[in-house]
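Trainee: Quick one, protein_35.cif (mmCIF, C-alpha atoms):
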```cif
data_run
loop_
_atom_site.label_atom_id
_atom_site.label_comp_id
_atom_site.auth_asym_id
_atom_site.auth_seq_id
_atom_site.Cartn_x
_atom_site.Cartn_y
_atom_site.Cartn_z
CA MET A 239 105.10 97.46 145.93
CA ASP A 240 108.16 96.68 147.98
CA ASN A 241 111.04 97.14 145.55
CA ALA A 242 113.43 95.51 148.01
CA LYS A 243 111.86 92.03 147.88
CA THR A 244 114.46 89.45 146.97
CA GLU A 245 112.45 87.37 144.54
CA ILE A 246 108.99 87.79 143.06
CA TRP A 247 106.91 84.81 141.99
CA TYR A 248 103.68 84.43 140.07
CA ASP A 249 101.59 84.58 143.25
CA ASP A 250 103.20 87.86 144.33
CA LEU A 251 102.07 89.72 141.20
CA ASN A 252 98.67 91.35 140.89
CA PRO A 253 97.05 93.50 138.22
CA GLY A 254 97.61 97.15 139.09
CA ASP A 255 100.98 96.64 140.79
CA ARG A 256 103.38 99.42 139.76
CA TYR A 257 107.15 99.69 139.84
CA THR A 258 109.12 102.80 138.89
CA SER A 259 112.80 103.39 138.25
CA GLN A 260 114.53 105.58 140.82
CA THR A 261 117.35 106.79 138.60
CA GLY A 262 117.30 107.59 134.92
CA ILE A 263 119.65 106.74 132.07
CA LEU A 264 121.02 109.68 130.09
CA MET A 265 121.00 109.22 126.32
CA THR A 266 124.12 111.00 125.08
CA GLU A 267 124.79 111.78 121.44
CA ALA A 268 127.88 109.55 121.63
CA ALA A 269 125.92 106.58 122.98
CA ILE A 270 123.16 107.04 120.38
CA VAL A 271 125.68 107.11 117.53
CA ALA A 272 127.69 104.15 118.88
CA PHE A 273 124.64 101.91 119.26
CA ALA A 274 123.37 102.84 115.79
CA ARG A 275 126.73 102.17 114.14
CA GLU A 276 126.74 98.67 115.58
CA PHE A 277 123.08 97.71 115.14
CA ASP A 278 121.00 100.20 113.13
CA PRO A 279 123.23 102.21 110.77
CA GLN A 280 121.03 104.90 109.27
CA PRO A 281 121.71 108.65 108.96
CA GLY A 282 118.86 109.54 111.31
CA HIS A 283 120.56 107.53 114.08
CA ASP A 284 124.31 107.59 113.43
CA ASP A 285 125.10 110.97 111.83
CA PRO A 286 124.10 114.15 113.72
CA VAL A 287 124.57 116.34 110.63
CA ALA A 288 122.87 114.15 108.02
CA ALA A 289 120.09 113.45 110.55
CA GLN A 290 118.87 117.03 110.04
CA ARG A 291 117.63 116.05 106.59
CA THR A 292 115.83 112.86 107.66
CA PHE A 293 112.29 112.17 108.83
CA PHE A 294 113.54 112.76 112.39
CA ARG A 295 114.83 116.34 111.70
CA GLY A 296 117.81 115.78 113.95
CA LEU A 297 119.53 112.87 115.67
CA ALA A 298 117.18 110.29 117.16
CA ALA A 299 118.11 107.08 118.95
CA SER A 300 117.38 103.83 117.16
CA GLY A 301 114.16 102.42 118.56
CA TRP A 302 116.22 99.33 119.40
CA HIS A 303 118.49 101.46 121.55
CA THR A 304 115.49 102.83 123.44
CA ALA A 305 114.26 99.24 123.81
CA ALA A 306 117.61 98.02 125.15
CA VAL A 307 117.81 100.90 127.64
CA THR A 308 114.23 100.18 128.70
CA MET A 309 115.33 96.64 129.58
CA ARG A 310 118.30 98.04 131.48
CA LEU A 311 115.92 100.28 133.45
CA ARG A 312 113.76 97.26 134.17
CA ALA A 313 116.79 95.53 135.66
CA ASP A 314 117.38 98.56 137.89
CA VAL A 315 113.72 98.98 138.91
CA GLY A 316 113.69 96.08 141.27
CA PHE A 317 111.47 93.55 139.53
CA PRO A 318 113.37 90.44 140.58
CA ILE A 319 111.26 87.70 139.04
CA GLY A 320 112.26 84.31 140.48
CA ASN A 321 114.21 82.22 137.94
CA GLY A 322 114.73 85.35 135.81
CA ILE A 323 112.54 87.22 133.38
CA VAL A 324 111.54 85.00 130.48
CA GLY A 325 109.89 86.88 127.64
CA ALA A 326 107.58 84.91 125.36
CA GLY A 327 106.73 87.91 123.24
CA VAL A 328 106.53 91.69 123.19
CA GLU A 329 104.84 94.57 121.41
CA ILE A 330 106.58 97.94 121.20
CA ALA A 331 105.40 101.35 120.03
CA TRP A 332 107.56 104.47 119.75
CA PRO A 333 105.19 107.47 119.99
CA THR A 334 108.08 110.00 119.75
CA PRO A 335 111.81 109.62 119.03
CA THR A 336 114.39 109.52 121.82
CA ARG A 337 116.74 112.53 121.58
CA PRO A 338 120.25 113.31 122.86
CA GLY A 339 119.88 114.71 126.38
CA ASP A 340 116.87 112.56 127.23
CA GLU A 341 117.10 111.04 130.67
CA LEU A 342 114.90 107.98 130.42
CA LYS A 343 112.89 106.55 133.27
CA LEU A 344 110.52 103.63 133.44
CA GLU A 345 107.13 102.87 134.90
CA LEU A 346 106.07 99.23 134.92
CA VAL A 347 102.49 98.04 135.49
CA VAL A 348 101.19 94.50 135.90
CA LYS A 349 98.10 94.19 133.68
CA GLU A 350 96.89 90.58 133.67
CA LYS A 351 97.88 87.12 134.84
CA ARG A 352 96.71 83.56 134.37
CA LEU A 353 98.05 80.16 135.33
CA SER A 354 99.39 77.92 132.62
CA SER A 355 96.80 75.34 131.57
CA THR A 356 99.47 72.68 131.02
CA LYS A 357 102.34 73.43 133.42
CA PRO A 358 101.31 73.84 137.08
CA ASP A 359 104.59 75.46 138.16
CA ARG A 360 104.14 78.65 136.13
CA GLY A 361 101.82 81.28 134.73
CA ILE A 362 101.61 83.97 132.08
CA VAL A 363 101.78 87.59 133.19
CA ILE A 364 101.18 90.62 130.97
CA VAL A 365 103.33 93.57 132.02
CA GLU A 366 103.36 96.99 130.36
CA TYR A 367 106.19 99.54 130.52
CA ASP A 368 106.19 103.24 129.73
CA THR A 369 109.53 104.89 129.01
CA ARG A 370 109.53 108.68 129.40
CA ASN A 371 112.15 111.41 129.54
CA GLN A 372 112.68 114.07 132.24
CA ARG A 373 109.86 116.19 130.74
CA GLY A 374 107.42 113.28 130.72
CA GLU A 375 107.60 112.90 126.93
CA HIS A 376 106.56 109.38 126.02
CA ARG A 377 109.33 107.57 124.13
CA GLN A 378 108.26 103.94 124.26
CA HIS A 379 105.30 101.82 125.22
CA THR A 380 106.00 98.13 125.74
CA ARG A 381 103.59 95.28 126.35
CA THR A 382 105.29 92.03 127.31
CA THR A 383 104.09 88.49 127.80
CA LEU A 384 106.19 86.88 130.50
CA VAL A 385 106.51 83.32 131.74
CA VAL A 386 106.60 83.61 135.55
CA PHE A 387 107.13 80.69 137.89
CA ARG A 388 105.20 80.00 141.08
CA ASP A 389 107.08 80.11 144.36
CA PRO A 390 108.82 76.69 144.49
CA SER A 391 108.25 76.47 148.25
CA LEU A 392 104.46 76.80 147.71
CA THR A 393 104.50 74.31 144.86
CA ALA A 394 106.43 71.86 147.01
CA VAL A 395 103.82 72.11 149.80
CA ALA A 396 101.04 71.44 147.30
CA THR A 397 102.45 68.13 146.09
CA MET B 188 113.69 91.40 94.44
CA ASP B 189 116.70 93.37 93.31
CA ASN B 190 118.76 93.85 96.46
CA ALA B 191 120.98 96.39 94.64
CA LYS B 192 118.29 99.05 94.16
CA THR B 193 119.44 102.37 95.61
CA GLU B 194 116.22 103.45 97.26
CA ILE B 195 112.88 101.76 97.75
CA TRP B 196 109.66 103.73 98.07
CA TYR B 197 106.11 102.82 99.03
CA ASP B 198 105.17 102.13 95.41
CA ASP B 199 108.09 99.70 94.97
CA LEU B 200 106.89 97.38 97.75
CA ASN B 201 104.36 94.63 97.21
CA PRO B 202 102.97 91.88 99.43
CA GLY B 203 105.01 88.73 98.91
CA ASP B 204 108.31 90.52 98.19
CA ARG B 205 111.15 88.71 99.96
CA TYR B 206 114.64 89.82 100.94
CA THR B 207 117.25 87.57 102.53
CA SER B 208 120.58 88.30 104.20
CA GLN B 209 123.61 87.02 102.31
CA THR B 210 125.96 86.79 105.27
CA GLY B 211 125.18 85.81 108.83
CA ILE B 212 126.21 87.29 112.16
CA LEU B 213 127.94 84.93 114.60
CA MET B 214 126.74 85.15 118.19
CA THR B 215 129.81 84.54 120.32
CA GLU B 216 129.69 83.87 124.04
CA ALA B 217 131.71 87.06 124.60
CA ALA B 218 129.26 89.20 122.61
CA ILE B 219 126.25 87.65 124.37
CA VAL B 220 127.76 88.33 127.81
CA ALA B 221 128.86 91.89 126.91
CA PHE B 222 125.42 92.91 125.59
CA ALA B 223 123.69 91.40 128.63
CA ARG B 224 126.00 93.14 131.10
CA GLU B 225 125.14 96.49 129.53
CA PHE B 226 121.41 96.05 128.92
CA ASP B 227 119.90 92.87 130.40
CA PRO B 228 121.97 91.70 133.38
CA GLN B 229 120.54 88.32 134.34
CA PRO B 230 122.41 85.04 135.03
CA GLY B 231 120.84 83.31 132.03
CA HIS B 232 122.39 85.93 129.74
CA ASP B 233 125.58 87.19 131.39
CA ASP B 234 127.04 84.24 133.31
CA PRO B 235 127.81 81.01 131.40
CA VAL B 236 128.18 78.97 134.60
CA ALA B 237 125.16 80.27 136.54
CA ALA B 238 123.12 80.05 133.30
CA GLN B 239 123.16 76.25 133.63
CA ARG B 240 120.78 76.56 136.57
CA THR B 241 118.31 78.95 134.88
CA PHE B 242 115.22 78.39 132.74
CA PHE B 243 117.52 78.47 129.71
CA ARG B 244 119.74 75.55 130.92
CA GLY B 245 122.84 77.26 129.55
CA LEU B 246 123.81 80.65 128.23
CA ALA B 247 121.19 82.31 126.00
CA ALA B 248 121.37 85.72 124.37
CA SER B 249 119.07 88.41 125.73
CA GLY B 250 116.07 88.64 123.41
CA TRP B 251 117.03 92.30 123.01
CA HIS B 252 120.41 91.24 121.69
CA THR B 253 118.74 88.98 119.12
CA ALA B 254 116.46 91.91 118.25
CA ALA B 255 119.36 94.33 117.81
CA VAL B 256 121.26 91.84 115.64
CA THR B 257 118.09 91.29 113.60
CA MET B 258 118.05 95.03 112.87
CA ARG B 259 121.73 94.90 111.94
CA LEU B 260 120.94 92.05 109.50
CA ARG B 261 118.12 94.14 108.05
CA ALA B 262 120.61 96.91 107.37
CA ASP B 263 122.84 94.43 105.53
CA VAL B 264 119.99 92.77 103.59
CA GLY B 265 119.57 95.59 101.14
CA PHE B 266 116.21 97.06 102.11
CA PRO B 267 117.06 100.71 101.46
CA ILE B 268 113.78 102.43 102.24
CA GLY B 269 113.85 106.02 100.97
CA ASN B 270 114.17 108.55 103.85
CA GLY B 271 115.15 105.68 106.15
CA ILE B 272 113.22 103.01 107.98
CA VAL B 273 110.73 104.57 110.39
CA GLY B 274 109.17 102.07 112.74
CA ALA B 275 105.79 102.94 114.23
CA GLY B 276 105.53 99.72 116.16
CA VAL B 277 106.69 96.15 116.36
CA GLU B 278 105.71 92.76 117.76
CA ILE B 279 108.42 90.25 118.60
CA ALA B 280 108.27 86.58 119.56
CA TRP B 281 111.23 84.43 120.59
CA PRO B 282 110.28 80.80 119.87
CA THR B 283 113.68 79.46 121.00
CA PRO B 284 116.69 81.11 122.70
CA THR B 285 119.72 82.27 120.72
CA ARG B 286 122.83 80.29 121.75
CA PRO B 287 126.58 80.89 121.52
CA GLY B 288 127.71 79.65 118.10
CA ASP B 289 124.48 80.62 116.34
CA GLU B 290 125.10 82.31 113.02
CA LEU B 291 121.95 84.34 112.52
CA LYS B 292 120.42 85.11 109.15
CA LEU B 293 117.31 87.00 108.20
CA GLU B 294 114.40 86.58 105.83
CA LEU B 295 112.17 89.59 105.37
CA VAL B 296 108.71 89.43 103.74
CA VAL B 297 106.38 92.30 102.83
CA LYS B 298 102.91 91.36 104.10
CA GLU B 299 100.52 94.30 103.59
CA LYS B 300 100.47 97.95 102.57
CA ARG B 301 98.03 100.83 102.54
CA LEU B 302 98.27 104.53 101.83
CA SER B 303 97.91 106.96 104.71
CA SER B 304 94.40 108.36 104.87
CA THR B 305 95.66 111.77 106.00
CA LYS B 306 99.17 112.24 104.53
CA PRO B 307 99.39 111.69 100.75
CA ASP B 308 103.20 111.41 100.69
CA ARG B 309 103.38 108.17 102.68
CA GLY B 310 101.88 104.81 103.50
CA ILE B 311 101.94 102.07 106.11
CA VAL B 312 103.70 98.82 105.26
CA ILE B 313 103.65 95.66 107.37
CA VAL B 314 106.91 93.74 107.10
CA GLU B 315 107.70 90.46 108.87
CA TYR B 316 111.19 89.11 109.61
CA ASP B 317 112.29 85.62 110.55
CA THR B 318 115.67 85.25 112.24
CA ARG B 319 117.14 81.72 112.06
CA ASN B 320 120.49 80.12 112.78
CA GLN B 321 122.66 77.99 110.46
CA ARG B 322 120.49 74.93 111.21
CA GLY B 323 117.28 76.76 110.44
CA GLU B 324 116.25 76.96 114.11
CA HIS B 325 113.80 79.81 114.54
CA ARG B 326 115.13 82.38 117.01
CA GLN B 327 112.90 85.41 116.41
CA HIS B 328 109.76 86.37 114.57
CA THR B 329 109.21 90.09 114.08
CA ARG B 330 106.18 91.91 112.70
CA THR B 331 106.83 95.61 112.08
CA THR B 332 104.61 98.50 111.12
CA LEU B 333 106.65 100.91 109.00
CA VAL B 334 105.97 104.41 107.73
CA VAL B 335 107.20 104.39 104.12
CA PHE B 336 107.27 107.44 101.88
CA ARG B 337 106.16 107.56 98.25
CA ASP B 338 108.79 108.32 95.64
CA PRO B 339 109.15 112.13 95.85
CA SER B 340 109.55 112.36 92.07
CA LEU B 341 106.17 110.69 91.57
CA THR B 342 104.53 112.83 94.23
CA ALA B 343 105.94 115.95 92.57
CA VAL B 344 104.40 114.95 89.22
CA ALA B 345 101.03 114.43 90.85
CA THR B 346 100.78 117.94 92.30
#
```
The structure given in the file should be rewritten as structure tokens.
Mentor:
Amino acid sequence: MDNAKTEIWYDDLNPGDRYTSQTGILMTEAAIVAFAREFDPQPGHDDPVAAQRTFFRGLAASGWHTAAVTMRLRADVGFPIGNGIVGAGVEIAWPTPTRPGDELKLELVVKEKRLSSTKPDRGIVIVEYDTRNQRGEHRQHTRTTLVVFRDPSLTAVAT
Amino acid sequence: MDNAKTEIWYDDLNPGDRYTSQTGILMTEAAIVAFAREFDPQPGHDDPVAAQRTFFRGLAASGWHTAAVTMRLRADVGFPIGNGIVGAGVEIAWPTPTRPGDELKLELVVKEKRLSSTKPDRGIVIVEYDTRNQRGEHRQHTRTTLVVFRDPSLTAVAT
């Protein structure tokens, strides 16, 4: 796909389309601890020493931090949905914990799409993301249900 | 349920158990914009003026901000899972957008549980959260699959 396209509409998306992030985001210990202190205060996420004795056996990013960074990577990927990305729902799995030193990258794949049965100006698109570090270790799988609008210029012609 | 319990283990949790947050978290315009600029830079989330012309018709928090605050509320609720809360997966739906001025609160309900078939020290527990504002408007529904350990003192007796 052409990552440089200004706006993407429902009709531009097709199952199998792939987008990948060009630059990664480095997960530092400081960033992991700061996010956890604000949103997910648990020893496994906000205390590098105490984290050694947790399920994670060492500091791990909150899954919500990995999720937020995944969304940041999506913004950088070049997936400029017209009218913005509107999420109706999402499923997330964290196969392995994100660690300090991970440089996260994103691959985005369009899986399915269908027009709305009630609103002719939009459709539903299922998009999946895989978030991996520099060694290809799989940190997050995301399946999102998006509301995506049709190109207004096409809709205008049709009326 | 007794929110003051020090640690909760698999055997302490039962379908129908409810936990509610005592204090809310206020979503200010400044906090909504700051989170969006870092993680989800889109006009509907990071620009109060441009947001008027988006799908949201005014500033709305990134769904990932609502999700992160939901996890913060969970930490405050008193749901002290022994060994920490380990999420294997999650499904999120955002029925309505979070707005500046929303004071978010959380209700958490235990839905199902089953012992691991392979690891006798733990089980899987399905927990659902509802995040609502001060008027009861439903901002997020969350269904989580958690790995929860059995009370180590009970497990020790059994061996």
Trainee: Can you list what the PyMOL selection byres ((chain B) within 8 of (chain A)) grabs from this structure, as JSON, numbers by chain?
Mentor: {"B": [225, 226, 227, 228, 229, 230, 231, 241, 242, 250, 251, 254, 255, 256, 258, 259, 262, 270, 271, 273, 274, 275, 276, 277, 278, 279, 280, 281, 282]}
Trainee: Output, as a short mmCIF file (atom, residue, chain, number, x, y, z; two decimals) with C-alpha atoms, in the frame of the given file, the coordinates of chain B following least-squares superposition onto chain A across all in-order C-alpha pairs.
Mentor:
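part.cif, freshly written:
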```cif
data_model
loop_
_atom_site.label_atom_id
_atom_site.label_comp_id
_atom_site.auth_asym_id
_atom_site.auth_seq_id
_atom_site.Cartn_x
_atom_site.Cartn_y
_atom_site.Cartn_z
CA MET B 188 105.09 97.57 145.92
CA ASP B 189 108.18 96.76 147.93
CA ASN B 190 111.05 97.20 145.49
CA ALA B 191 113.44 95.54 147.98
CA LYS B 192 111.86 92.07 147.86
CA THR B 193 114.47 89.46 146.96
CA GLU B 194 112.44 87.38 144.55
CA ILE B 195 108.98 87.78 143.08
CA TRP B 196 106.90 84.81 142.00
CA TYR B 197 103.67 84.43 140.06
CA ASP B 198 101.59 84.56 143.25
CA ASP B 199 103.21 87.85 144.33
CA LEU B 200 102.07 89.72 141.21
CA ASN B 201 98.68 91.35 140.89
CA PRO B 202 97.06 93.52 138.23
CA GLY B 203 97.61 97.16 139.11
CA ASP B 204 101.00 96.64 140.80
CA ARG B 205 103.37 99.43 139.78
CA TYR B 206 107.15 99.70 139.85
CA THR B 207 109.11 102.81 138.91
CA SER B 208 112.80 103.41 138.25
CA GLN B 209 114.53 105.59 140.82
CA THR B 210 117.36 106.80 138.61
CA GLY B 211 117.29 107.61 134.92
CA ILE B 212 119.65 106.76 132.08
CA LEU B 213 121.02 109.70 130.08
CA MET B 214 121.01 109.24 126.32
CA THR B 215 124.11 111.01 125.08
CA GLU B 216 124.78 111.78 121.43
CA ALA B 217 127.88 109.55 121.62
CA ALA B 218 125.91 106.58 122.98
CA ILE B 219 123.15 107.03 120.39
CA VAL B 220 125.69 107.11 117.53
CA ALA B 221 127.70 104.14 118.89
CA PHE B 222 124.63 101.89 119.27
CA ALA B 223 123.38 102.83 115.80
CA ARG B 224 126.74 102.16 114.15
CA GLU B 225 126.74 98.65 115.61
CA PHE B 226 123.08 97.69 115.15
CA ASP B 227 121.00 100.19 113.15
CA PRO B 228 123.25 102.16 110.78
CA GLN B 229 121.02 104.85 109.29
CA PRO B 230 121.71 108.61 108.96
CA GLY B 231 118.87 109.51 111.32
CA HIS B 232 120.56 107.52 114.08
CA ASP B 233 124.31 107.57 113.43
CA ASP B 234 125.08 110.93 111.83
CA PRO B 235 124.09 114.13 113.70
CA VAL B 236 124.57 116.32 110.61
CA ALA B 237 122.87 114.12 108.00
CA ALA B 238 120.08 113.43 110.54
CA GLN B 239 118.85 117.01 110.03
CA ARG B 240 117.64 116.01 106.57
CA THR B 241 115.83 112.81 107.65
CA PHE B 242 112.28 112.12 108.83
CA PHE B 243 113.54 112.72 112.38
CA ARG B 244 114.80 116.30 111.66
CA GLY B 245 117.81 115.75 113.91
CA LEU B 246 119.53 112.87 115.63
CA ALA B 247 117.17 110.28 117.15
CA ALA B 248 118.11 107.08 118.95
CA SER B 249 117.39 103.82 117.16
CA GLY B 250 114.16 102.41 118.59
CA TRP B 251 116.21 99.33 119.43
CA HIS B 252 118.49 101.46 121.56
CA THR B 253 115.49 102.84 123.45
CA ALA B 254 114.26 99.25 123.83
CA ALA B 255 117.60 98.01 125.17
CA VAL B 256 117.81 100.91 127.64
CA THR B 257 114.22 100.19 128.71
CA MET B 258 115.33 96.65 129.60
CA ARG B 259 118.31 98.05 131.49
CA LEU B 260 115.92 100.30 133.46
CA ARG B 261 113.75 97.27 134.20
CA ALA B 262 116.78 95.55 135.68
CA ASP B 263 117.38 98.57 137.92
CA VAL B 264 113.71 99.00 138.92
CA GLY B 265 113.68 96.10 141.31
CA PHE B 266 111.47 93.57 139.54
CA PRO B 267 113.35 90.44 140.60
CA ILE B 268 111.26 87.70 139.05
CA GLY B 269 112.26 84.32 140.48
CA ASN B 270 114.23 82.21 137.94
CA GLY B 271 114.71 85.35 135.84
CA ILE B 272 112.53 87.24 133.41
CA VAL B 273 111.53 85.01 130.51
CA GLY B 274 109.88 86.90 127.69
CA ALA B 275 107.59 84.95 125.38
CA GLY B 276 106.73 87.95 123.28
CA VAL B 277 106.54 91.70 123.21
CA GLU B 278 104.84 94.58 121.41
CA ILE B 279 106.59 97.93 121.21
CA ALA B 280 105.40 101.35 120.05
CA TRP B 281 107.56 104.46 119.75
CA PRO B 282 105.21 107.47 119.98
CA THR B 283 108.08 109.99 119.75
CA PRO B 284 111.82 109.62 119.03
CA THR B 285 114.40 109.53 121.82
CA ARG B 286 116.75 112.54 121.57
CA PRO B 287 120.25 113.31 122.85
CA GLY B 288 119.88 114.71 126.37
CA ASP B 289 116.86 112.56 127.23
CA GLU B 290 117.11 111.04 130.68
CA LEU B 291 114.89 108.00 130.42
CA LYS B 292 112.87 106.57 133.28
CA LEU B 293 110.51 103.64 133.45
CA GLU B 294 107.12 102.87 134.91
CA LEU B 295 106.08 99.25 134.90
CA VAL B 296 102.49 98.07 135.52
CA VAL B 297 101.18 94.52 135.91
CA LYS B 298 98.10 94.21 133.70
CA GLU B 299 96.88 90.59 133.70
CA LYS B 300 97.86 87.12 134.86
CA ARG B 301 96.70 83.56 134.38
CA LEU B 302 98.05 80.16 135.33
CA SER B 303 99.38 77.91 132.60
CA SER B 304 96.80 75.35 131.56
CA THR B 305 99.45 72.68 131.01
CA LYS B 306 102.35 73.43 133.40
CA PRO B 307 101.32 73.83 137.06
CA ASP B 308 104.60 75.46 138.14
CA ARG B 309 104.15 78.64 136.10
CA GLY B 310 101.83 81.27 134.72
CA ILE B 311 101.62 83.98 132.08
CA VAL B 312 101.79 87.60 133.20
CA ILE B 313 101.19 90.63 130.99
CA VAL B 314 103.34 93.57 132.03
CA GLU B 315 103.36 97.00 130.37
CA TYR B 316 106.19 99.55 130.54
CA ASP B 317 106.18 103.24 129.75
CA THR B 318 109.53 104.88 129.02
CA ARG B 319 109.53 108.69 129.40
CA ASN B 320 112.14 111.42 129.54
CA GLN B 321 112.68 114.07 132.24
CA ARG B 322 109.86 116.18 130.76
CA GLY B 323 107.44 113.29 130.73
CA GLU B 324 107.59 112.91 126.93
CA HIS B 325 106.54 109.40 126.01
CA ARG B 326 109.33 107.60 124.14
CA GLN B 327 108.26 103.94 124.27
CA HIS B 328 105.29 101.83 125.23
CA THR B 329 106.00 98.14 125.76
CA ARG B 330 103.57 95.29 126.36
CA THR B 331 105.30 92.05 127.33
CA THR B 332 104.09 88.51 127.81
CA LEU B 333 106.20 86.89 130.53
CA VAL B 334 106.49 83.32 131.75
CA VAL B 335 106.60 83.61 135.56
CA PHE B 336 107.14 80.68 137.89
CA ARG B 337 105.20 79.99 141.08
CA ASP B 338 107.10 80.10 144.35
CA PRO B 339 108.85 76.68 144.45
CA SER B 340 108.25 76.43 148.21
CA LEU B 341 104.50 76.75 147.67
CA THR B 342 104.53 74.30 144.79
CA ALA B 343 106.45 71.81 146.94
CA VAL B 344 103.80 72.03 149.68
CA ALA B 345 101.05 71.38 147.17
CA THR B 346 102.48 68.09 145.90
#
```
Trainee: Could you state the separation of atom CA of Lys349 of chain A and atom CA of Pro390 of chain A in Å, given to one decimal place?
Mentor: 23.2 Å
Trainee: Can you list what the PyMOL selection byres ((chain A and resi 386) around 10) grabs from this structure, as a count of residues only?
Mentor: 28
Trainee: Complete segment 193-213 of chain B with N, CA and C atoms (output as a CSV table (one decimal), in the coordinates of the input).
Mentor:
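Final file, out12.csv:
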```csv
chain,number,residue,atom,x,y,z
B,193,THR,N,118.9,101.3,94.7
B,193,THR,CA,119.4,102.4,95.6
B,193,THR,C,118.5,102.8,96.7
B,194,GLU,N,117.2,103.0,96.3
B,194,GLU,CA,116.2,103.4,97.3
B,194,GLU,C,114.9,102.8,96.9
B,195,ILE,N,114.2,102.4,97.9
B,195,ILE,CA,112.9,101.8,97.8
B,195,ILE,C,111.8,102.7,98.3
B,196,TRP,N,110.7,102.9,97.6
B,196,TRP,CA,109.7,103.7,98.1
B,196,TRP,C,108.4,102.9,98.2
B,197,TYR,N,107.4,103.5,98.8
B,197,TYR,CA,106.1,102.8,99.0
B,197,TYR,C,105.6,102.1,97.8
B,198,ASP,N,105.7,102.7,96.6
B,198,ASP,CA,105.2,102.1,95.4
B,198,ASP,C,106.0,100.9,94.9
B,199,ASP,N,107.2,100.8,95.4
B,199,ASP,CA,108.1,99.7,95.0
B,199,ASP,C,107.8,98.4,95.8
B,200,LEU,N,107.1,98.5,96.9
B,200,LEU,CA,106.9,97.4,97.8
B,200,LEU,C,105.6,96.7,97.5
B,201,ASN,N,105.6,95.4,97.4
B,201,ASN,CA,104.4,94.6,97.2
B,201,ASN,C,104.3,93.4,98.1
B,202,PRO,N,103.1,93.1,98.6
B,202,PRO,CA,103.0,91.9,99.4
B,202,PRO,C,103.6,90.7,98.7
B,203,GLY,N,104.3,89.9,99.5
B,203,GLY,CA,105.0,88.7,98.9
B,203,GLY,C,106.5,89.0,98.6
B,204,ASP,N,106.9,90.2,98.4
B,204,ASP,CA,108.3,90.5,98.2
B,204,ASP,C,109.1,89.9,99.3
B,205,ARG,N,110.3,89.3,99.0
B,205,ARG,CA,111.2,88.7,100.0
B,205,ARG,C,112.6,89.2,99.8
B,206,TYR,N,113.2,89.4,100.9
B,206,TYR,CA,114.6,89.8,100.9
B,206,TYR,C,115.3,88.9,101.9
B,207,THR,N,116.5,88.4,101.6
B,207,THR,CA,117.2,87.6,102.5
B,207,THR,C,118.7,88.1,102.7
B,208,SER,N,119.2,87.9,103.9
B,208,SER,CA,120.6,88.3,104.2
B,208,SER,C,121.5,87.3,103.5
B,209,GLN,N,122.6,87.9,103.0
B,209,GLN,CA,123.6,87.0,102.3
B,209,GLN,C,124.6,86.5,103.3
B,210,THR,N,125.0,87.2,104.3
B,210,THR,CA,126.0,86.8,105.3
B,210,THR,C,125.3,86.8,106.7
B,211,GLY,N,125.7,85.9,107.5
B,211,GLY,CA,125.2,85.8,108.8
B,211,GLY,C,126.0,86.6,109.8
B,212,ILE,N,125.5,86.7,111.0
B,212,ILE,CA,126.2,87.3,112.2
B,212,ILE,C,126.4,86.2,113.2
B,213,LEU,N,127.6,86.0,113.6
B,213,LEU,CA,127.9,84.9,114.6
B,213,LEU,C,127.7,85.5,116.0
```
